[in-house]
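A.B. asks: Pasting entry_19.json below, which is JSON, C-alpha atoms and all ligand atoms.
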```
[["chain", "number", "residue", "atom", "x", "y", "z"],
["A", 1, "MET", "CA", -135.65, 79.51, 53.99],
["A", 2, "ASP", "CA", -138.04, 79.98, 56.92],
["A", 3, "CYS", "CA", -136.38, 81.86, 59.74],
["A", 4, "GLY", "CA", -139.63, 82.33, 61.62],
["A", 5, "ASN", "CA", -139.83, 86.01, 60.67],
["A", 6, "ASP", "CA", -142.97, 87.54, 59.33],
["A", 7, "GLU", "CA", -142.71, 89.85, 56.31],
["A", 8, "ARG", "CA", -142.23, 92.95, 58.49],
["A", 9, "GLY", "CA", -139.30, 91.48, 60.40],
["A", 10, "ASN", "CA", -138.77, 91.36, 64.13],
["A", 11, "VAL", "CA", -137.55, 94.88, 64.70],
["A", 12, "LYS", "CA", -139.79, 97.87, 65.29],
["A", 13, "LEU", "CA", -138.89, 101.41, 64.28],
["A", 14, "TYR", "CA", -140.61, 104.15, 66.24],
["A", 15, "SER", "CA", -140.85, 106.85, 63.64],
["A", 16, "TYR", "CA", -142.63, 109.97, 62.40],
["A", 17, "PHE", "CA", -143.05, 110.76, 58.73],
["A", 18, "ARG", "CA", -141.78, 114.35, 59.07],
["A", 19, "SER", "CA", -138.74, 113.44, 61.14],
["A", 20, "SER", "CA", -135.47, 113.74, 59.22],
["A", 21, "ALA", "CA", -133.69, 111.74, 61.92],
["A", 22, "ALA", "CA", -136.18, 108.88, 61.56],
["A", 23, "TYR", "CA", -136.01, 109.20, 57.78],
["A", 24, "ARG", "CA", -132.27, 108.49, 57.71],
["A", 25, "THR", "CA", -132.76, 105.33, 59.75],
["A", 26, "ARG", "CA", -135.47, 104.16, 57.33],
["A", 27, "ILE", "CA", -133.04, 104.71, 54.47],
["A", 28, "ALA", "CA", -130.32, 102.72, 56.27],
["A", 29, "LEU", "CA", -132.63, 99.83, 57.18],
["A", 30, "ASN", "CA", -133.86, 99.61, 53.59],
["A", 31, "LEU", "CA", -130.32, 99.80, 52.16],
["A", 32, "LYS", "CA", -129.30, 96.94, 54.46],
["A", 33, "GLY", "CA", -132.40, 94.94, 53.54],
["A", 34, "ILE", "CA", -133.57, 94.74, 57.14],
["A", 35, "ALA", "CA", -137.32, 94.25, 57.36],
["A", 36, "PHE", "CA", -138.97, 96.30, 60.07],
["A", 37, "GLU", "CA", -142.33, 97.18, 61.47],
["A", 38, "THR", "CA", -143.11, 100.87, 61.89],
["A", 39, "ALA", "CA", -144.76, 102.36, 64.95],
["A", 40, "SER", "CA", -145.90, 105.90, 64.23],
["A", 41, "ILE", "CA", -145.28, 108.44, 66.98],
["A", 42, "HIS", "CA", -147.08, 111.64, 66.00],
["A", 43, "LEU", "CA", -144.96, 114.51, 67.30],
["A", 44, "THR", "CA", -147.72, 117.14, 67.31],
["A", 45, "ARG", "CA", -151.00, 115.30, 67.85],
["A", 46, "ASN", "CA", -152.39, 115.58, 71.38],
["A", 47, "GLY", "CA", -149.42, 117.65, 72.45],
["A", 48, "GLY", "CA", -146.99, 115.10, 71.02],
["A", 49, "GLU", "CA", -147.23, 111.34, 71.39],
["A", 50, "GLN", "CA", -143.53, 111.27, 72.29],
["A", 51, "HIS", "CA", -144.56, 112.55, 75.73],
["A", 52, "ALA", "CA", -146.95, 109.66, 76.38],
["A", 53, "PRO", "CA", -145.86, 107.35, 79.22],
["A", 54, "GLU", "CA", -146.06, 104.36, 76.85],
["A", 55, "PHE", "CA", -143.45, 105.89, 74.56],
["A", 56, "GLN", "CA", -141.32, 107.22, 77.41],
["A", 57, "ALA", "CA", -141.01, 103.60, 78.53],
["A", 58, "VAL", "CA", -139.44, 102.91, 75.12],
["A", 59, "ASN", "CA", -137.33, 106.06, 74.89],
["A", 60, "PRO", "CA", -136.91, 108.24, 77.98],
["A", 61, "GLN", "CA", -135.32, 110.87, 75.69],
["A", 62, "LYS", "CA", -138.82, 111.36, 74.16],
["A", 63, "ARG", "CA", -137.45, 111.48, 70.62],
["A", 64, "VAL", "CA", -137.82, 109.51, 67.42],
["A", 65, "PRO", "CA", -136.32, 107.40, 66.04],
["A", 66, "ALA", "CA", -135.98, 104.45, 68.39],
["A", 67, "LEU", "CA", -135.38, 100.92, 67.16],
["A", 68, "ALA", "CA", -136.67, 98.04, 69.28],
["A", 69, "LEU", "CA", -134.84, 94.77, 68.65],
["A", 70, "ASP", "CA", -136.27, 91.28, 69.04],
["A", 71, "ASN", "CA", -134.08, 90.65, 72.11],
["A", 72, "GLY", "CA", -135.77, 93.49, 73.98],
["A", 73, "GLU", "CA", -132.99, 96.04, 73.52],
["A", 74, "VAL", "CA", -133.89, 99.48, 72.22],
["A", 75, "LEU", "CA", -131.41, 101.50, 70.17],
["A", 76, "LEU", "CA", -131.65, 105.28, 70.44],
["A", 77, "GLN", "CA", -130.22, 108.11, 68.30],
["A", 78, "SER", "CA", -130.29, 107.79, 64.54],
["A", 79, "LEU", "CA", -126.53, 107.64, 64.03],
["A", 80, "ALA", "CA", -126.17, 104.90, 66.65],
["A", 81, "ILE", "CA", -129.03, 102.97, 65.02],
["A", 82, "MET", "CA", -127.33, 103.26, 61.65],
["A", 101, "LIG", "N1", -129.96, 113.37, 67.65],
["A", 101, "LIG", "C1", -131.22, 112.67, 67.54],
["A", 101, "LIG", "C2", -132.31, 113.67, 67.24],
["A", 101, "LIG", "C3", -133.68, 113.06, 67.42],
["A", 101, "LIG", "C4", -134.74, 114.14, 67.37],
["A", 101, "LIG", "O1", -134.54, 115.27, 67.81],
["A", 101, "LIG", "N2", -135.90, 113.77, 66.81],
["A", 101, "LIG", "C5", -136.96, 114.74, 66.71],
["A", 101, "LIG", "C6", -137.66, 114.58, 65.37],
["A", 101, "LIG", "S1", -136.53, 114.86, 64.00],
["A", 101, "LIG", "C7", -137.97, 114.51, 67.82],
["A", 101, "LIG", "O2", -138.27, 113.38, 68.16],
["A", 101, "LIG", "N3", -138.50, 115.59, 68.40],
["A", 101, "LIG", "C8", -139.48, 115.49, 69.42],
["A", 101, "LIG", "C9", -139.56, 116.73, 70.27],
["A", 101, "LIG", "O3", -138.81, 117.67, 70.01],
["A", 101, "LIG", "O4", -140.39, 116.75, 71.20],
["A", 101, "LIG", "C10", -131.13, 111.59, 66.47],
["A", 101, "LIG", "O5", -130.37, 111.75, 65.53],
["A", 101, "LIG", "O6", -131.83, 110.57, 66.62]]
```
Show me, as structure tokens, the structure contained in the file I just sent.
C.D. replies:
Amino acid sequence: MDCGNDERGNVKLYSYFRSSAAYRTRIALNLKGIAFETASIHLTRNGGEQHAPEFQAVNPQKRVPALALDNGEVLLQSLAIM
């Protein structure tokens, strides 16, 4: 069945590999079989990419994870995402 999705899905998880909060959302997405694209936000490089204006436009809380949906909504806080 072709739903128009590419293999990575239409949701984007803003994540960091050392983030336990982001890790739990990756586990949940994989358990639910929801394909997602990952956008890496390095929390220490260059003073922390979470402080960049581009990411603050996604999540004013300046935290990962954040999950951007295909309808333009962005879910914040790992438990709410789950
Ligand atoms: N309660 C939040 C916690 C999110 C959080 O604190 N994430 C950390 C990484 S585990 C973060 O982005 N820290 C960035 C910073 O402290 O500048 C959740 O569960 O999503």
A.B. asks: Quick one: contact table of chain A to ligand LIG 101 (chain A), 7 Å max, nearest atom pair and distance in Å to one decimal per residue, counting only C-alpha atoms and all ligand atoms, chain and number order, as a Markdown table?
C.D. replies:
```
| residue | atom | partner | partner_atom | distance |
| --- | --- | --- | --- | --- |
| A:Ser19 | CA | A:LIG101 | S1 | 3.9 |
| A:Ser20 | CA | A:LIG101 | S1 | 5.0 |
| A:Ala21 | CA | A:LIG101 | S1 | 4.7 |
| A:Ala22 | CA | A:LIG101 | S1 | 6.5 |
| A:Leu43 | CA | A:LIG101 | C8 | 6.0 |
| A:Gly48 | CA | A:LIG101 | O4 | 6.8 |
| A:Gln50 | CA | A:LIG101 | O4 | 6.4 |
| A:Lys62 | CA | A:LIG101 | C8 | 6.3 |
| A:Arg63 | CA | A:LIG101 | O2 | 3.2 |
| A:Val64 | CA | A:LIG101 | O2 | 4.0 |
| A:Pro65 | CA | A:LIG101 | O6 | 5.5 |
| A:Leu76 | CA | A:LIG101 | O6 | 6.5 |
| A:Gln77 | CA | A:LIG101 | O6 | 3.4 |
| A:Ser78 | CA | A:LIG101 | O6 | 3.8 |
| A:Leu79 | CA | A:LIG101 | O5 | 5.8 |
```
A.B. asks: Please report the interatomic distance between atom CA of Asn30 of chain A and atom CA of Pro53 of chain A in Å with one decimal.
C.D. replies: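 We find that atom CA of Asn30 of chain A and atom CA of Pro53 of chain A lie 29.3 Å from each other.
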A.B. asks: Do you have the atom CA of Asn10 of chain A-atom CA of Ala35 of chain A distance handy?
C.D. replies: 7.5 Å
A.B. asks: Between atom CA of Asp70 of chain A and atom CA of Arg18 of chain A, what distance in Å does the model show, to one decimal?
C.D. replies: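 Atom CA of Arg18 of chain A lies 25.7 Å from atom CA of Asp70 of chain A.
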A.B. asks: Find the residues around Leu29 of chain A up to 10 Å (all atoms listed in the file counted), leave out those fewer than 5 positions away in its own chain, and share them as a list in words.
C.D. replies: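 Final neighbour list, sorted by chain and number: Leu13, Tyr23, Arg24, Ile34, Ala35, Phe36, Ile81 and Met82 of chain A.
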A.B. asks: Could you work out an axis-aligned box for segment 33-39 of chain A, taking every atom the file lists and adding 5 Å on each side, and report centre and edge lengths in Å to one decimal, as JSON?
C.D. replies:
```
{"center_x": -138.6, "center_y": 98.3, "center_z": 59.2, "size_x": 22.4, "size_y": 18.1, "size_z": 21.4}
```
A.B. asks: Could you list as a ChimeraX atom specification every residue that has an atom within 9 Å of (-134.8, 93.2, 67.1), using the file's coordinates and counting all atoms listed in the file?
C.D. replies: /A:9-12,36,67-74
A.B. asks: Considering all atoms listed in the file, state which residue in the set A:Pro60, A:Ser40, A:Lys32, A:Gly47 is at the smallest distance from Phe17 of chain A.
C.D. replies: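 For Phe17 of chain A, the nearest of the candidates is A:Ser40.
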A.B. asks: Rank nothing, just name the residue among A:Asn46, A:Thr38, A:Gln61, A:Thr25 nearest to Ala80 of chain A, using only C-alpha atoms.
C.D. replies: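 The shortest atom-to-atom distance to Ala80 of chain A comes from A:Thr25.
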